[in-house]
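A.B. asks: Provided below: target-v4.cif, containing mmCIF, C-alpha atoms.
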```
data_input
loop_
_atom_site.label_atom_id
_atom_site.label_comp_id
_atom_site.auth_asym_id
_atom_site.auth_seq_id
_atom_site.Cartn_x
_atom_site.Cartn_y
_atom_site.Cartn_z
CA MET J 1 0.00 0.00 0.00
CA SER J 2 1.37 3.41 -0.96
CA VAL J 3 1.89 6.25 1.51
CA GLN J 4 -0.81 8.23 -0.26
CA THR J 5 -3.35 5.40 0.08
CA GLN J 6 -2.50 4.98 3.76
CA TYR J 7 -3.09 8.71 4.25
CA PHE J 8 -6.59 8.67 2.75
CA LEU J 9 -7.81 5.33 4.14
CA ARG J 10 -8.68 5.33 7.84
CA LYS J 11 -9.17 2.46 10.27
CA SER J 12 -12.89 2.12 10.98
CA GLY J 13 -12.33 0.37 14.32
CA ILE J 14 -15.50 -1.64 13.72
CA PRO J 15 -14.57 -5.33 13.39
CA PHE J 16 -16.71 -6.09 10.34
CA VAL J 17 -16.06 -2.79 8.51
CA SER J 18 -12.78 -2.48 6.61
CA ASP J 19 -10.67 0.66 6.16
CA ILE J 20 -12.71 3.61 4.91
CA PRO J 21 -11.77 6.84 3.09
CA TRP J 22 -12.29 10.40 4.22
CA GLY J 23 -15.75 11.57 3.25
CA SER J 24 -17.47 8.35 4.41
CA HIS J 25 -21.08 8.83 5.53
CA ILE J 26 -22.24 5.62 7.21
CA CYS J 27 -25.69 4.53 8.36
CA ALA J 28 -25.56 1.97 11.20
CA PHE J 29 -28.64 0.24 12.62
CA PHE J 30 -28.49 -1.18 16.14
CA GLU J 31 -30.92 -2.95 18.45
CA THR J 32 -29.82 -2.38 22.07
CA LYS J 33 -27.68 0.07 24.05
CA GLU J 34 -24.99 -2.62 24.26
CA ASP J 35 -25.01 -3.01 20.47
CA LEU J 36 -24.56 0.76 20.11
CA LEU J 37 -21.61 0.89 22.53
CA ASP J 38 -19.97 -2.21 20.99
CA MET J 39 -19.98 -0.34 17.69
CA VAL J 40 -19.21 3.24 18.67
CA ILE J 41 -16.47 2.71 21.29
CA PRO J 42 -14.00 0.88 18.99
CA TYR J 43 -14.90 3.36 16.23
CA PHE J 44 -13.73 6.28 18.39
CA ARG J 45 -10.76 4.37 19.78
CA ALA J 46 -9.44 3.96 16.23
CA GLY J 47 -9.91 7.67 15.62
CA LEU J 48 -8.12 8.73 18.78
CA GLU J 49 -5.21 6.38 18.11
CA ASN J 50 -4.82 7.70 14.56
CA ASN J 51 -4.69 11.42 15.36
CA GLU J 52 -8.26 12.31 14.46
CA PHE J 53 -10.34 14.88 16.33
CA CYS J 54 -13.44 13.06 17.63
CA ILE J 55 -16.95 14.38 18.24
CA TRP J 56 -19.77 12.30 19.74
CA VAL J 57 -23.29 13.75 19.79
CA VAL J 58 -25.30 11.50 22.13
CA ALA J 59 -29.00 10.88 22.59
CA GLU J 60 -31.17 8.01 23.81
CA PRO J 61 -30.61 5.23 24.65
CA ILE J 62 -27.45 6.56 26.36
CA SER J 63 -26.61 9.72 28.27
CA THR J 64 -23.52 11.91 28.08
CA LEU J 65 -22.26 10.49 31.38
CA GLU J 66 -22.75 6.91 30.20
CA ALA J 67 -20.80 7.71 27.03
CA ILE J 68 -17.86 9.09 29.04
CA ASN J 69 -17.89 6.10 31.42
CA ALA J 70 -17.95 3.64 28.51
CA LEU J 71 -14.99 5.35 26.83
CA GLU J 72 -12.98 5.42 30.06
CA ALA J 73 -13.70 1.73 30.72
CA ALA J 74 -12.66 0.65 27.21
CA ILE J 75 -9.68 2.99 26.73
CA PRO J 76 -7.39 2.92 29.81
CA ASP J 77 -5.55 6.12 28.84
CA PHE J 78 -8.69 7.94 27.68
CA LYS J 79 -7.96 10.99 29.87
CA SER J 80 -4.78 11.61 27.87
CA TYR J 81 -7.04 12.28 24.87
CA SER J 82 -9.10 14.93 26.70
CA SER J 83 -8.16 17.68 24.23
CA GLN J 84 -8.82 15.40 21.24
CA MET J 85 -12.46 14.55 21.88
CA VAL J 86 -15.67 16.38 22.76
CA ILE J 87 -19.07 14.95 23.68
CA TYR J 88 -22.30 16.89 23.17
CA SER J 89 -25.95 16.30 23.99
CA HIS J 90 -28.12 16.27 20.87
CA LEU J 91 -30.05 19.20 22.35
CA ASP J 92 -26.89 21.32 22.34
CA TRP J 93 -25.70 20.25 18.90
CA TYR J 94 -28.73 19.72 16.67
CA ILE J 95 -31.67 21.60 18.13
CA ASN J 96 -32.49 25.18 19.03
CA ASN J 97 -35.95 26.29 20.18
CA ASN J 98 -37.23 22.77 19.43
CA ASP J 99 -36.23 23.08 15.77
CA LEU J 100 -33.52 21.37 13.74
CA LEU J 101 -31.08 23.87 12.29
CA GLY J 102 -29.89 21.89 9.26
CA GLU J 103 -27.68 24.32 7.36
CA LYS J 104 -26.29 25.81 10.57
CA VAL J 105 -25.32 22.36 11.88
CA LEU J 106 -23.63 21.49 8.58
CA LYS J 107 -21.61 24.72 8.69
CA GLU J 108 -20.56 23.88 12.24
CA TRP J 109 -19.26 20.48 11.08
CA ILE J 110 -17.20 22.26 8.42
CA ASN J 111 -15.88 24.66 11.07
CA LYS J 112 -14.87 21.67 13.22
CA VAL J 113 -12.97 20.13 10.30
CA ASN J 114 -11.08 23.39 9.74
CA TYR J 115 -10.35 23.65 13.47
CA ALA J 116 -9.03 20.07 13.62
CA LEU J 117 -6.75 20.58 10.63
CA SER J 118 -5.42 23.85 12.09
CA LYS J 119 -4.49 21.97 15.28
CA GLY J 120 -2.53 19.32 13.40
CA TYR J 121 -5.13 16.54 13.42
CA GLU J 122 -5.66 14.43 10.30
CA GLY J 123 -9.39 15.26 10.19
CA ILE J 124 -12.49 14.61 12.29
CA ARG J 125 -14.38 11.46 13.20
CA ALA J 126 -18.00 12.05 14.21
CA CYS J 127 -20.97 10.10 15.51
CA GLY J 128 -24.39 11.68 15.87
CA SER J 129 -27.10 9.68 17.67
CA THR J 130 -30.48 10.63 16.30
CA THR J 131 -33.28 8.70 17.99
CA TRP J 132 -34.89 12.08 18.76
CA ALA J 133 -35.57 12.86 15.06
CA LYS J 134 -39.18 11.68 14.84
CA GLY J 135 -42.56 12.99 13.77
CA ARG J 136 -42.53 16.47 12.33
CA LYS J 137 -38.75 16.72 12.71
CA TRP J 138 -38.16 13.78 10.36
CA LYS J 139 -38.50 15.63 7.05
CA LYS J 140 -36.13 18.37 8.23
CA TYR J 141 -33.69 15.80 9.54
CA ILE J 142 -33.63 13.83 6.28
CA ASP J 143 -33.10 17.09 4.37
CA TYR J 144 -30.12 17.67 6.67
CA GLU J 145 -28.76 14.14 6.05
CA ALA J 146 -29.07 14.76 2.31
CA MET J 147 -26.99 17.94 2.70
CA VAL J 148 -24.33 16.02 4.63
CA GLU J 149 -24.28 13.29 1.98
CA LYS J 150 -23.77 15.90 -0.73
CA THR J 151 -21.04 17.78 1.14
CA ILE J 152 -19.05 15.24 3.16
CA GLY J 153 -17.09 13.89 0.19
CA GLN J 154 -15.20 17.19 0.06
CA LEU J 155 -14.18 17.05 3.73
CA LYS J 156 -11.60 15.21 5.83
CA MET J 157 -14.43 13.81 7.88
CA ILE J 158 -15.95 10.43 8.69
CA ALA J 159 -19.53 10.35 10.00
CA LEU J 160 -21.23 7.39 11.65
CA CYS J 161 -24.98 7.82 12.06
CA PRO J 162 -26.54 5.16 14.34
CA TYR J 163 -30.29 4.47 14.38
CA GLN J 164 -32.21 2.15 16.69
CA LEU J 165 -33.87 -0.24 14.28
CA GLY J 166 -36.80 -1.07 16.53
CA LYS J 167 -37.83 2.61 16.56
CA CYS J 168 -37.57 3.11 12.79
CA GLU J 169 -40.63 2.98 10.57
CA MET J 170 -40.30 1.39 7.15
CA PHE J 171 -40.24 4.70 5.28
CA GLU J 172 -37.60 6.03 7.70
CA VAL J 173 -35.27 3.12 6.98
CA LEU J 174 -35.72 3.72 3.26
CA ASP J 175 -34.97 7.42 3.68
CA LEU J 176 -31.84 6.65 5.70
CA VAL J 177 -30.41 4.05 3.35
CA ASN J 178 -31.06 6.42 0.46
CA ASN J 179 -29.12 9.27 2.08
CA HIS J 180 -25.96 7.44 3.19
CA GLN J 181 -23.13 5.87 1.23
CA PHE J 182 -23.65 2.46 2.82
CA SER J 183 -25.44 0.85 5.74
CA PHE J 184 -24.96 -2.07 8.10
CA ILE J 185 -26.46 -3.51 11.26
CA LYS J 186 -24.89 -4.23 14.64
CA SER J 187 -27.06 -6.55 16.70
CA LYS J 188 -26.80 -9.69 18.75
CA ASN J 189 -29.65 -10.84 16.53
CA ASP J 190 -27.87 -9.98 13.27
CA ARG J 191 -29.51 -12.81 11.35
CA LYS J 192 -32.94 -11.52 12.33
CA TYR J 193 -32.35 -8.30 10.38
CA THR J 194 -29.71 -9.11 7.76
CA ASN J 195 -32.18 -9.93 5.00
CA LYS J 196 -34.28 -6.84 5.74
CA ILE J 197 -31.31 -4.49 5.57
CA ALA J 198 -30.08 -6.18 2.40
CA LYS J 199 -33.54 -5.68 0.92
CA PHE J 200 -33.48 -1.98 1.87
CA ASP J 201 -30.09 -1.63 0.16
CA ARG J 202 -31.41 -3.38 -2.93
CA LEU J 203 -34.45 -1.11 -2.90
CA ASN J 204 -32.16 1.91 -2.59
CA LEU J 205 -30.13 0.71 -5.59
CA VAL J 206 -33.26 0.00 -7.62
CA GLY J 207 -34.65 3.43 -6.74
CA LYS J 208 -31.50 5.22 -7.83
CA MET J 209 -31.38 3.20 -11.06
CA ALA J 210 -35.03 3.99 -11.75
CA ALA J 211 -34.44 7.69 -11.11
CA SER J 212 -31.46 7.82 -13.47
CA LEU J 213 -33.10 5.76 -16.22
CA ALA J 214 -36.72 6.94 -15.97
CA HIS J 215 -36.34 9.68 -18.56
CA GLU J 216 -34.58 7.40 -21.04
CA ILE J 217 -37.18 4.66 -20.55
CA ARG J 218 -40.23 6.90 -20.71
CA ASN J 219 -39.25 8.69 -23.91
CA PRO J 220 -39.31 5.57 -26.16
CA MET J 221 -42.38 4.28 -24.29
CA THR J 222 -44.23 7.51 -25.08
CA SER J 223 -43.23 7.28 -28.74
CA VAL J 224 -44.34 3.65 -29.02
CA LYS J 225 -47.65 4.42 -27.32
CA GLY J 226 -48.23 7.34 -29.71
CA PHE J 227 -47.65 5.17 -32.78
CA ILE J 228 -49.95 2.46 -31.43
CA GLN J 229 -52.70 5.02 -30.86
CA LEU J 230 -52.27 6.22 -34.46
CA LEU J 231 -52.68 2.65 -35.68
CA GLN J 232 -55.81 2.31 -33.53
CA ASN J 233 -57.40 5.06 -35.61
CA ASN J 234 -56.64 3.28 -38.89
CA GLN J 235 -59.86 1.68 -40.11
CA ASP J 236 -57.92 -0.93 -42.12
CA LEU J 237 -56.52 -2.27 -38.84
CA LYS J 238 -59.79 -2.33 -36.96
CA LYS J 239 -59.64 -6.10 -36.45
CA TYR J 240 -56.47 -5.62 -34.36
CA GLN J 241 -58.05 -3.18 -31.89
CA GLU J 242 -57.93 -5.64 -28.99
CA TYR J 243 -54.19 -6.20 -29.55
CA PHE J 244 -53.54 -2.46 -29.69
CA LYS J 245 -55.53 -1.95 -26.49
CA LEU J 246 -53.53 -4.68 -24.75
CA MET J 247 -50.25 -3.08 -25.83
CA VAL J 248 -51.31 0.36 -24.55
CA ASP J 249 -52.47 -1.14 -21.25
CA GLU J 250 -49.11 -2.89 -20.78
CA LEU J 251 -47.19 0.32 -21.53
CA ASP J 252 -49.35 2.15 -18.98
CA ARG J 253 -48.63 -0.61 -16.44
CA ALA J 254 -44.87 -0.31 -17.07
CA ASN J 255 -45.08 3.45 -16.58
CA THR J 256 -47.03 2.96 -13.33
CA ILE J 257 -44.34 0.61 -11.98
CA ILE J 258 -41.62 3.18 -12.76
CA THR J 259 -43.65 5.87 -11.01
CA GLU J 260 -44.09 3.69 -7.92
CA TYR J 261 -40.35 2.98 -7.69
CA LEU J 262 -39.62 6.69 -7.96
CA SER J 263 -42.24 7.49 -5.30
CA LEU J 264 -40.40 5.23 -2.86
CA ALA J 265 -36.92 6.47 -3.67
CA LYS J 266 -37.38 10.23 -4.00
CA GLU J 267 -38.74 13.01 -1.88
CA LYS J 268 -41.11 15.16 -3.90
CA ASP J 269 -41.68 18.88 -3.62
CA ARG J 270 -45.20 19.22 -2.26
CA GLU J 271 -47.82 21.94 -2.42
CA ILE J 272 -49.54 21.59 0.93
CA GLN J 273 -52.81 23.49 1.15
CA GLN J 274 -56.19 23.07 2.78
CA HIS J 275 -58.30 20.57 0.85
CA ASN J 276 -61.54 18.77 1.46
CA LEU J 277 -61.45 15.01 0.96
CA ASN J 278 -64.96 15.07 -0.48
CA SER J 279 -63.85 17.44 -3.25
CA ILE J 280 -60.86 15.23 -4.11
CA LEU J 281 -63.05 12.11 -4.15
CA THR J 282 -65.76 13.76 -6.25
CA SER J 283 -63.22 14.76 -8.89
CA LEU J 284 -61.82 11.20 -8.94
CA MET J 285 -65.13 9.31 -9.06
CA PRO J 286 -65.52 9.30 -12.90
CA LEU J 287 -62.05 7.70 -13.26
CA LEU J 288 -62.64 5.24 -10.42
CA GLN J 289 -66.06 4.29 -11.78
CA ALA J 290 -64.61 3.73 -15.25
CA ASP J 291 -62.05 1.32 -13.80
CA ALA J 292 -64.72 -0.52 -11.83
CA ARG J 293 -67.20 -0.89 -14.68
CA LYS J 294 -64.60 -2.45 -16.97
CA GLU J 295 -64.95 -5.52 -14.73
CA ASP J 296 -68.67 -5.19 -14.01
CA LYS J 297 -68.04 -3.75 -10.54
CA ASP J 298 -69.32 -0.62 -8.85
CA ILE J 299 -68.15 2.07 -6.41
CA ILE J 300 -70.41 3.98 -4.02
CA LEU J 301 -69.32 7.19 -2.28
CA PHE J 302 -70.90 8.12 1.08
CA ALA J 303 -69.62 11.66 1.66
CA GLY J 304 -70.20 12.96 5.17
CA GLN J 305 -69.80 16.51 6.45
CA ILE J 306 -66.05 16.86 7.09
CA ASP J 307 -63.48 19.57 7.78
CA ASP J 308 -60.58 20.48 5.51
CA ILE J 309 -57.12 18.97 5.98
CA PHE J 310 -53.63 20.21 5.06
CA VAL J 311 -52.34 17.96 2.25
CA ASP J 312 -50.99 17.96 -1.28
CA SER J 313 -54.00 16.79 -3.28
CA LYS J 314 -51.76 14.77 -5.65
CA ASP J 315 -50.55 12.67 -2.71
CA ILE J 316 -54.08 11.91 -1.54
CA ARG J 317 -55.22 11.08 -5.07
CA GLN J 318 -52.41 8.52 -5.25
CA VAL J 319 -53.40 6.96 -1.91
CA ILE J 320 -57.05 6.72 -2.99
CA PHE J 321 -56.13 5.21 -6.37
CA ASN J 322 -53.94 2.58 -4.70
CA LEU J 323 -56.51 1.59 -2.08
CA VAL J 324 -59.40 1.50 -4.56
CA ARG J 325 -57.34 -0.43 -7.14
CA ASN J 326 -56.43 -3.06 -4.54
CA GLY J 327 -60.03 -3.30 -3.36
CA LEU J 328 -61.42 -3.74 -6.87
CA GLU J 329 -58.85 -6.39 -7.74
CA SER J 330 -59.78 -8.41 -4.64
CA MET J 331 -63.50 -8.60 -5.57
CA PRO J 332 -65.28 -10.90 -8.03
CA ASN J 333 -67.27 -9.42 -10.92
CA GLY J 334 -70.45 -7.76 -9.72
CA GLY J 335 -68.90 -6.63 -6.43
CA THR J 336 -69.37 -3.17 -4.89
CA LEU J 337 -66.68 -1.09 -3.18
CA GLU J 338 -67.70 1.57 -0.64
CA ILE J 339 -65.88 4.81 0.18
CA ARG J 340 -66.93 6.84 3.22
CA THR J 341 -65.84 10.11 4.79
CA TYR J 342 -66.87 11.26 8.25
CA MET J 343 -65.63 13.00 11.41
CA ASP J 344 -64.50 11.20 14.56
CA ASN J 345 -63.27 13.10 17.64
CA ASN J 346 -62.44 16.12 15.47
CA ASP J 347 -60.35 13.98 13.09
CA VAL J 348 -61.20 13.50 9.41
CA MET J 349 -61.82 9.86 8.49
CA LEU J 350 -61.54 8.10 5.14
CA GLU J 351 -62.79 4.53 4.83
CA VAL J 352 -62.41 2.18 1.85
CA LYS J 353 -64.39 -1.05 2.16
CA ASP J 354 -64.32 -3.91 -0.34
CA HIS J 355 -66.20 -7.21 -0.42
CA GLY J 356 -63.31 -9.29 -1.62
CA VAL J 357 -61.54 -12.41 -0.44
CA GLY J 358 -59.81 -10.71 2.52
CA ILE J 359 -56.15 -10.42 3.48
CA PRO J 360 -54.28 -13.22 5.32
CA GLU J 361 -53.48 -12.31 8.93
CA GLU J 362 -49.73 -12.73 8.43
CA ILE J 363 -49.87 -10.26 5.52
CA ILE J 364 -51.84 -7.64 7.47
CA ALA J 365 -49.05 -7.42 10.06
CA ASN J 366 -46.57 -6.48 7.32
CA LEU J 367 -48.68 -4.26 5.08
CA GLY J 368 -46.61 -1.38 3.73
CA THR J 369 -43.49 -3.51 3.24
CA PRO J 370 -42.04 -3.01 -0.26
CA PHE J 371 -42.45 -6.01 -2.61
CA LEU J 372 -44.99 -7.68 -0.29
CA THR J 373 -47.97 -8.70 -2.43
CA THR J 374 -50.57 -11.46 -2.75
CA LYS J 375 -51.23 -10.60 -6.41
CA GLU J 376 -49.67 -12.73 -9.13
CA ASN J 377 -48.58 -9.69 -11.18
CA GLY J 378 -48.30 -7.16 -8.35
CA THR J 379 -45.18 -5.19 -7.42
CA GLY J 380 -46.06 -4.74 -3.75
CA LEU J 381 -45.21 -1.04 -4.04
CA GLY J 382 -48.65 0.60 -4.12
CA LEU J 383 -49.42 0.18 -0.43
CA SER J 384 -45.82 0.92 0.55
CA VAL J 385 -46.04 4.26 -1.26
CA SER J 386 -49.42 4.95 0.35
CA TYR J 387 -48.16 4.19 3.87
CA LYS J 388 -45.18 6.48 3.32
CA ILE J 389 -47.43 9.32 2.12
CA LEU J 390 -49.85 8.95 5.03
CA LYS J 391 -47.02 8.83 7.58
CA SER J 392 -45.69 12.12 6.21
CA TYR J 393 -49.06 13.72 7.07
CA ASN J 394 -49.14 12.18 10.57
CA ALA J 395 -52.14 10.13 9.42
CA THR J 396 -52.77 6.64 10.80
CA ILE J 397 -54.16 3.64 8.96
CA ASN J 398 -56.10 0.73 10.45
CA VAL J 399 -56.92 -2.46 8.56
CA LYS J 400 -59.64 -5.00 9.34
CA SER J 401 -60.10 -8.03 7.14
CA SER J 402 -62.07 -11.26 6.97
CA SER J 403 -63.29 -13.67 4.33
CA GLU J 404 -66.09 -11.17 3.62
CA GLY J 405 -63.76 -8.32 2.68
CA SER J 406 -61.41 -5.65 4.00
CA ILE J 407 -61.79 -2.17 5.48
CA PHE J 408 -58.97 0.39 5.35
CA THR J 409 -59.65 3.28 7.74
CA ILE J 410 -57.43 6.36 7.60
CA ARG J 411 -57.45 9.05 10.28
CA PHE J 412 -56.21 12.54 9.38
CA PRO J 413 -55.52 14.84 12.37
CA LYS J 414 -57.76 17.86 11.89
CA GLY J 415 -56.16 21.20 11.15
CA LYS J 416 -52.55 20.01 11.68
CA LYS J 417 -50.06 21.12 9.07
CA PRO J 418 -47.27 18.51 8.55
#
```
Could you write out this structure as structure tokens?

C.D. replies:
Amino acid sequence: MSVQTQYFLRKSGIPFVSDIPWGSHICAFFETKEDLLDMVIPYFRAGLENNEFCIWVVAEPISTLEAINALEAAIPDFKSYSSQMVIYSHLDWYINNNDLLGEKVLKEWINKVNYALSKGYEGIRACGSTTWAKGRKWKKYIDYEAMVEKTIGQLKMIALCPYQLGKCEMFEVLDLVNNHQFSFIKSKNDRKYTNKIAKFDRLNLVGKMAASLAHEIRNPMTSVKGFIQLLQNNQDLKKYQEYFKLMVDELDRANTIITEYLSLAKEKDREIQQHNLNSILTSLMPLLQADARKEDKDIILFAGQIDDIFVDSKDIRQVIFNLVRNGLESMPNGGTLEIRTYMDNNDVMLEVKDHGVGIPEEIIANLGTPFLTTKENGTGLGLSVSYKILKSYNATINVKSSSEGSIFTIRFPKGKKP
């Protein structure tokens, strides 16, 4: 190994992670406090021993005092490094007036790098515990992680970002994997989670591939669809109308799959305004009815008196389309799907009820998981996208199912802007 390579590669200190370059931004999932300490302590020990300035921003499940005690117990001469390491509470580092200061925090990291280099250190090694970033703070926090991911490659900095897996929702794990260079898990039950994390990484890769190729794929698809529609209007080819229709339907299906992948992988700019669910549903009913009647099915809307909610109407349209599509596909010909809106304890309720075959109990427990589907030709992405959208609006979803059908009930907190 050359001197130059040795200079840029740093010891990770983590037994199952090899040497890493400056600019590494690592997502680490853990299960217990012990798992977290088993990962972070050797990580910092390697940094201290290799002349790196170390910064640990702590949050639950450990305290600042516990962090210091753990370092002192694992590193006998830890006090000799007192000028080389600082430990902050997440409240002091990340948050001011109960708000995450993303750009300001990023600038402070850059200032710390410059400080470390001016003092003769090789660079900085950081760890920021983030179990506090939940609810409304999540979107701001992920925006901050995206800024770090974009910037860190230019810095002599290594960042380890640990997340307690048991407290992460599905969409949060996807967001995290998508905004770090790589991810791993440290747990005494590694095998329990290995396949899930591998799946998240595969989903991340698929999402990035879909994002980069979507334009190139959609352009020829649009051209092909246009030519097919021209042929449909040719009277000499009238006997091939069913084939043309099938080809157009398959192109539309391919485009829908691409859209669903992109919905999982990318954060969209949203236009959040006050909307009434009844108005959104009324505008959608002709399209929903057309879908239903193609298979001799029907949809009935029972619109109650409801308050407005703060949403992007495009998001809610997508959720409704996904739920109604699933409900229609589960029912035999002649079935009727019911949509209801009403108020409950000042919350706005949306209910979609089908009379289909029902959902197996083991599937209900995992609804919202990407690629989970009971349909022969399904992608398993529609509900995952819907769950992610609803979570972003602090909405909850409850599912009841039996052999007589399924009911999806969504509760939107009244008057709360996400």

A.B. asks: Nearest residue to Lys388 of chain J out of J:Trp56, J:Phe171, J:Phe310, J:Phe184, using all atoms listed in the file?

C.D. replies: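 The answer is J:Phe171, which sits nearest to Lys388 of chain J.
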
A.B. asks: Just give me the residues with any atom within 7 Å of (-47.0, 4.3, -22.5), file coordinates, counting all atoms listed in the file, written as a list in words.

C.D. replies: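 Checked against the point, the hits come out as Met221, Thr222, Lys225, Val248, Leu251, Asp252 and Asn255 of chain J.
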
A.B. asks: Quick one: of J:Ile26, J:Leu36, J:Leu117, J:Phe78, who's nearest to Glu49 of chain J, counting all atoms listed in the file?

C.D. replies: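 Of the candidates, the smallest distance to Glu49 of chain J is held by J:Phe78.
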
A.B. asks: Step by step: start from the point (-16.7, 16.6, 22.2) in the file's coordinates, keep every protein, DNA or RNA residue that has an atom no farther than 7 Å from it, count all atoms listed in the file, and write the set as an NGL selection string.

C.D. replies: :J and (54-56 or 85-88)

A.B. asks: Nearest to Met331 of chain J among J:Ala159, J:Leu230, J:Ile359, J:Met343, with distances taken over only C-alpha atoms: which residue is it?

C.D. replies: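 Of J:Ala159, J:Leu230, J:Ile359, J:Met343, the one nearest Met331 of chain J is J:Ile359, counting only C-alpha atoms.
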
A.B. asks: Which one of J:Ile316, J:Val357, J:Val177, J:Leu237 sits closest to Ser403 of chain J if you count all atoms listed in the file?

C.D. replies: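 Smallest distance to Ser403 of chain J is found for J:Val357.
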
A.B. asks: Any chance you could work out the residue set of the PyMOL selection byres ((chain J and resi 393) around 8) here, as a count of residues only?

C.D. replies: 10

A.B. asks: Suppose you want the space between atom CA of Ala146 of chain J and atom CA of Ile124 of chain J; what is it in Å?

C.D. replies: 19.4 Å

A.B. asks: What does the structure give for the distance between atom CA of Asp307 of chain J and atom CA of Thr336 of chain J, in Å to one decimal?

C.D. replies: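 So the two atoms, atom CA of Asp307 of chain J and atom CA of Thr336 of chain J, lie 26.7 Å apart.
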
A.B. asks: Please determine, counting all atoms listed in the file, which residue among J:Glu404, J:Asn398, J:Ile62, J:Asn333 has the shortest atom-to-atom distance to His355 of chain J.

C.D. replies: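 Distance minimum relative to His355 of chain J lands on J:Glu404.
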
A.B. asks: Would you pick out the contacts of Met285 of chain J at 12 Å or less, using only C-alpha atoms, so that residues sharing its chain but fewer than 2 positions from it are not included, and give the list as a ChimeraX atom specification?

C.D. replies: /J:278-283,287-293,298-303,317,320-321,324,338-339

A.B. asks: Those residues with C-alpha atoms, as a PDB file, in the frame of the given file please?

C.D. replies:
```
ATOM      1  CA  ASN J 278     -64.960  15.070  -0.480  1.00  0.00           C
ATOM      2  CA  SER J 279     -63.850  17.440  -3.250  1.00  0.00           C
ATOM      3  CA  ILE J 280     -60.860  15.230  -4.110  1.00  0.00           C
ATOM      4  CA  LEU J 281     -63.050  12.110  -4.150  1.00  0.00           C
ATOM      5  CA  THR J 282     -65.760  13.760  -6.250  1.00  0.00           C
ATOM      6  CA  SER J 283     -63.220  14.760  -8.890  1.00  0.00           C
ATOM      7  CA  LEU J 287     -62.050   7.700 -13.260  1.00  0.00           C
ATOM      8  CA  LEU J 288     -62.640   5.240 -10.420  1.00  0.00           C
ATOM      9  CA  GLN J 289     -66.060   4.290 -11.780  1.00  0.00           C
ATOM     10  CA  ALA J 290     -64.610   3.730 -15.250  1.00  0.00           C
ATOM     11  CA  ASP J 291     -62.050   1.320 -13.800  1.00  0.00           C
ATOM     12  CA  ALA J 292     -64.720  -0.520 -11.830  1.00  0.00           C
ATOM     13  CA  ARG J 293     -67.200  -0.890 -14.680  1.00  0.00           C
ATOM     14  CA  ASP J 298     -69.320  -0.620  -8.850  1.00  0.00           C
ATOM     15  CA  ILE J 299     -68.150   2.070  -6.410  1.00  0.00           C
ATOM     16  CA  ILE J 300     -70.410   3.980  -4.020  1.00  0.00           C
ATOM     17  CA  LEU J 301     -69.320   7.190  -2.280  1.00  0.00           C
ATOM     18  CA  PHE J 302     -70.900   8.120   1.080  1.00  0.00           C
ATOM     19  CA  ALA J 303     -69.620  11.660   1.660  1.00  0.00           C
ATOM     20  CA  ARG J 317     -55.220  11.080  -5.070  1.00  0.00           C
ATOM     21  CA  ILE J 320     -57.050   6.720  -2.990  1.00  0.00           C
ATOM     22  CA  PHE J 321     -56.130   5.210  -6.370  1.00  0.00           C
ATOM     23  CA  VAL J 324     -59.400   1.500  -4.560  1.00  0.00           C
ATOM     24  CA  GLU J 338     -67.700   1.570  -0.640  1.00  0.00           C
ATOM     25  CA  ILE J 339     -65.880   4.810   0.180  1.00  0.00           C
TER      26      ILE J 339
END
```

A.B. asks: Measuring between all atoms listed in the file, which one of J:Ile306, J:Ile397, J:Leu174, J:Leu71 shows the shortest distance to Asp38 of chain J?

C.D. replies: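 Under the stated criterion, the closest residue is J:Leu71.
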
A.B. asks: Can you work out the spacing between atom CA of Asp344 of chain J and atom CA of Ser401 of chain J in Å, to one decimal?

C.D. replies: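 We find that atom CA of Asp344 of chain J and atom CA of Ser401 of chain J lie 21.1 Å from each other.
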
A.B. asks: Just the residues within 8 Å of Ala46 of chain J, please, counting only C-alpha atoms, with nothing from its chain fewer than 6 positions along; format it as number ranges by chain.

C.D. replies: J: 11-13

A.B. asks: Could you list, as a count of residues only, every residue within 10 Å of Leu176 of chain J, counting only C-alpha atoms and ignoring same-chain residues fewer than 5 positions away?

C.D. replies: 16

A.B. asks: For the structure shown, which residues end up in the PyMOL selection byres ((chain J and resi 158) around 9)? Put them as a list in words, please?

C.D. replies: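 Output of the PyMOL selection byres ((chain J and resi 158) around 9): Arg10, Ile20, Pro21, Trp22, Gly23, Ser24, His25, Ile26, Gly123, Ile124, Arg125, Ala126, Cys127, Ile152, Leu155, Lys156, Met157, Ala159 and Leu160 of chain J.
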
A.B. asks: How would you write, as a list of chain:residue names, the residues chosen by the PyMOL selection byres ((chain J and resi 107) around 12) on this structure?

C.D. replies: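 The output of the PyMOL selection byres ((chain J and resi 107) around 12) on this file is J:Trp93, J:Tyr94, J:Leu101, J:Gly102, J:Glu103, J:Lys104, J:Val105, J:Leu106, J:Glu108, J:Trp109, J:Ile110, J:Asn111, J:Lys112, J:Val113, J:Asn114, J:Tyr144, J:Met147, J:Val148, J:Thr151, J:Ile152, J:Leu155.
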